[in-house]
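Q: Take this structure first; my questions come after.
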Amino acid sequence: MPVLKDYLENLSYSCIRGTDTIQVGEVVFDSRKVTKDCVFICIEGANFDGHDAAAEVVQKGAAALIVSKDVEVDTDAAVTVVKVENTRYAMAFISAAYFGHPADRMKVIGVTGTKGKTTTTYLVKSILEQAGHKVGLVGTIETIIGDKKIPSCNTTPESYVLQQSFKEMVDAGCDMVVMEVSSQGLMLHRTQGFTFELGIFTNIEPDHIGPNEHESFEEYMACKGLLFKQCKTGIVNCDDAHWQTVLRGHTCELETYGFSENADLKAENVELVHKPGSLGVQFHVGGKMDLEVEIATPGKFSVYNALCAIAICRHFAVDEGSIKKALLTAKVKGRIEMVKVSDEFTLMIDYAHNAMALESLLSTLQEYHPHRLVCLFGCGGNRSKLRRYEMGEVSGKMADLTIITSDNPRFEDPQDIIEDIKTGIAKTSGKYVEICDRKEAIRYAIEHGEKGDIVVLAGKGHEDYQEIKGVKHPMDERVLIAEVLDELGKVR
């Protein structure tokens with residue numbers, strides 16, 4: 001069995017009871033999963049403080065406790081108590097040691113920013129795999145380890161779970177991993193215990209500010225900036241107005257990308273591409289590379305995502321052919337995901353589920369001058385009514401036709417949610433229809449599609465369920481589209 005102090009390397013700590021030379025078993029941070037001779041890390045969460053379970057886990061057989069404040073245990077119990085300044089920070093290092101420092105055997109790429117993280121990680125994975133690497137992925141939608149896909153609970157998982165995933169990736173033969181790094185993950189030290197090969201900054205806007213997230217935009221930016229004190233090289237979008245504030249105090253080498261003349265890697269000569277049933281962009285990559293590329297997703301933000309992915313892959317000497325092929329074929333589930341239903345009009349699925357995201361998406365699509373821009377969406381139940389008003393108003397102003405339907409009603413009546421959306425649309429002169437059943441709404445969109453239309457199914461994105469009264473029912477828009485096409489006798 002390993003010795004406790006082997007797990008405590010690179011940490012400042014004091015043994016306030018017992019000795020750090022004892023032999024220990026598993027590392028555990030959930031009091032329900034305590035095993036004999038385990039090391040139990042007392043984590044203070046939003047709803048439960050592991051320090052309060054100290055006596056209980058010792059009774060269950062824990063050999064050591066890692067604490068950041070005083071705990072009460074039986075004076076006769078044979079347990080070691082180690083005190084650290086922050087148990088979440090300590091857990092990251094302990095977990096890394098427990099799993100044998102798997103990140104040291106891969107190149108780890110971390111992507112942070114308000115928008116673009118998910119798409120960028122999938123683009124990078126696609127390009128690197130095209131070049132022959134085996135790449136793991138950790139992100140908002142899922143963790144991918146070889147052929148195994150694990151749905152995500154957090155964008156950046158707890159440090160123990162992250163290190164466990166890294167270990168599985170190494171065992172599966174991965175030599176690289178690309179991951180989304182959230183501000184919450186950075187603030188809660190989930191990514192400590194290893195060094196990123198590359199840290200990426202996409203952009204930042206006021207978001208995730210509230211009682212259970214960040215106190216202010218300044219704190220949000222500071223948390224994003226922590227990544228650049230934990231990576232060897234930072235690659236940043238220098239067009240973002242706040243990039244220098246985010247990067248304040250960085251300890252890494254820096255490279256930039258963007259449309260700016262001063263960017264190390266820059267996008268030039270951007271042209272929109274409109275093909276039957278699909279939209280895209282082509283542009284020239286200048287600066288540190290000289291490359292013509294085309295991507296199969298629309299808009300300026302798609303150029304940023306692609307340029308960022310190219311900047312990353314340049315570090316691994318990926319050939320131009322692999323880059324160009326991967327950018328044309330890479331798909332991200334639910335992120336401007338084109339679904340071919342007709343040569344006459346274009347249909348796509350996107351996760352845009354708030355007014356800011358919907359406005360950005362619709363304004364991008366307007367640049368393609370569609371015959372009509374059709375927006376199908378609903379809003380989640382047991383959430384802010386303001387979001388419903390705002391999304392209704394945005395769609396009413398920007399879309400030629402809005403199809404109001406159901407999203408995840410949760411414990412609300414779907415029709416009540418639709419009425420709230422209509423309140424927002426009423427502030428505009430926008431046309432709309434309301435079809436509560438989402439499949440029937442999709443059927444209407446497909447049946448009434450006109451030549452040159454762009455149809456957006458917004459809000460659900462990668463989700464493959466609909467939550468009604470506490471139950472998640474299977475519902476994948478791709479499946480609904482296929483069923484509708486079959487029922488209409490259309491060839492896919």
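Following the order of the structure tokens, chains are lettered A, B, ..., residues in each are numbered from 1, and ligands are numbered from 1.
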Write out as a list in words all residues of segment 8-93 of chain A that backbone DSSP assigns to strand (DSSP E or B).

A: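 Restricting segment 8-93 of chain A to strand (DSSP E or B) produces Ser14, Cys15, Ile16, Arg17, Gln23, Val27, Val28, Val39, Phe40, Ile41, Glu44, Asp49, Ala64, Leu65, Ile66, Val67, Thr80, Val81, Val82 and Lys83 of chain A.
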
Q: Keeping only C-alpha atoms, take the residues you just selected and write them out as a PDB file, in the first residue's frame.

A:
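File produced: part-v8.pdb:
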```pdb
ATOM      1  CA  SER A  14       0.879  20.042   8.753  1.00  0.00           C
ATOM      2  CA  CYS A  15       0.062  16.790  10.537  1.00  0.00           C
ATOM      3  CA  ILE A  16      -2.080  17.880  13.473  1.00  0.00           C
ATOM      4  CA  ARG A  17      -2.746  14.295  14.484  1.00  0.00           C
ATOM      5  CA  GLN A  23      -0.127   3.284   4.684  1.00  0.00           C
ATOM      6  CA  VAL A  27      -8.627   8.671  -2.173  1.00  0.00           C
ATOM      7  CA  VAL A  28     -12.265   9.650  -1.487  1.00  0.00           C
ATOM      8  CA  VAL A  39      -7.786   9.147   2.550  1.00  0.00           C
ATOM      9  CA  PHE A  40     -10.898  11.292   2.950  1.00  0.00           C
ATOM     10  CA  ILE A  41     -10.708  14.876   1.678  1.00  0.00           C
ATOM     11  CA  GLU A  44     -16.852  22.355   1.497  1.00  0.00           C
ATOM     12  CA  ASP A  49     -19.440  20.423   4.095  1.00  0.00           C
ATOM     13  CA  ALA A  64      -6.571   9.889   7.116  1.00  0.00           C
ATOM     14  CA  LEU A  65      -8.505  13.137   6.863  1.00  0.00           C
ATOM     15  CA  ILE A  66      -7.432  16.132   4.796  1.00  0.00           C
ATOM     16  CA  VAL A  67      -8.960  19.251   6.364  1.00  0.00           C
ATOM     17  CA  THR A  80      -4.227  10.885  10.863  1.00  0.00           C
ATOM     18  CA  VAL A  81      -5.468  14.438  10.350  1.00  0.00           C
ATOM     19  CA  VAL A  82      -3.605  16.621   7.860  1.00  0.00           C
ATOM     20  CA  LYS A  83      -4.368  20.335   7.669  1.00  0.00           C
TER      21      LYS A  83
END
```

Q: Can you tell me which residues surround Glu434 of chain A at a distance of at most 8 Å, considering only C-alpha atoms, apart from same-chain residues fewer than 2 positions away, and format the answer as JSON, numbers by chain?

A: {"A": [403, 404, 405, 418, 432, 436, 441]}

Q: For the selection you just gave me, I'd like the residues written to a file as a PDB file, in the first residue's frame, keeping C-alpha atoms.

A:
```pdb
ATOM      1  CA  ILE A 403     -42.159  29.070 -34.683  1.00  0.00           C
ATOM      2  CA  ILE A 404     -42.793  29.031 -30.936  1.00  0.00           C
ATOM      3  CA  THR A 405     -42.694  25.567 -29.384  1.00  0.00           C
ATOM      4  CA  ILE A 418     -45.316  30.077 -24.899  1.00  0.00           C
ATOM      5  CA  TYR A 432     -45.137  33.827 -35.637  1.00  0.00           C
ATOM      6  CA  CYS A 436     -46.516  23.288 -28.689  1.00  0.00           C
ATOM      7  CA  ALA A 441     -43.222  22.274 -34.962  1.00  0.00           C
TER       8      ALA A 441
END
```

Q: Taking a cut-off of 7 Å and counting only C-alpha atoms, can you build a table that, for each residue of segment 237-306 of chain A near segment 313-334 of chain A, reports the nearest atom pair and how far apart they are in Å (one decimal), sorted by chain then residue number, as a tab-separated table?

A:
```
residue	atom	partner	partner_atom	distance
A:Val293	CA	A:Lys324	CA	5.8
A:Glu294	CA	A:Leu328	CA	6.3
A:Ile295	CA	A:Leu328	CA	4.9
A:Ala296	CA	A:Leu328	CA	5.4
```

Q: Hey, what's within 9 Å of Ala311 of chain A if we count only C-alpha atoms and toss same-chain stuff fewer than 5 positions away? As a ChimeraX atom specification, please?

A: /A:235,255-257,265,288,306

Q: Residues near segment 107-121 of chain A, anyone? I mean within 7 Å using only C-alpha atoms, not counting same-chain ones fewer than 3 positions away, as a ChimeraX atom specification.

A: /A:103,124-125,139-140,175-182,196-205,224,305,309,332,335
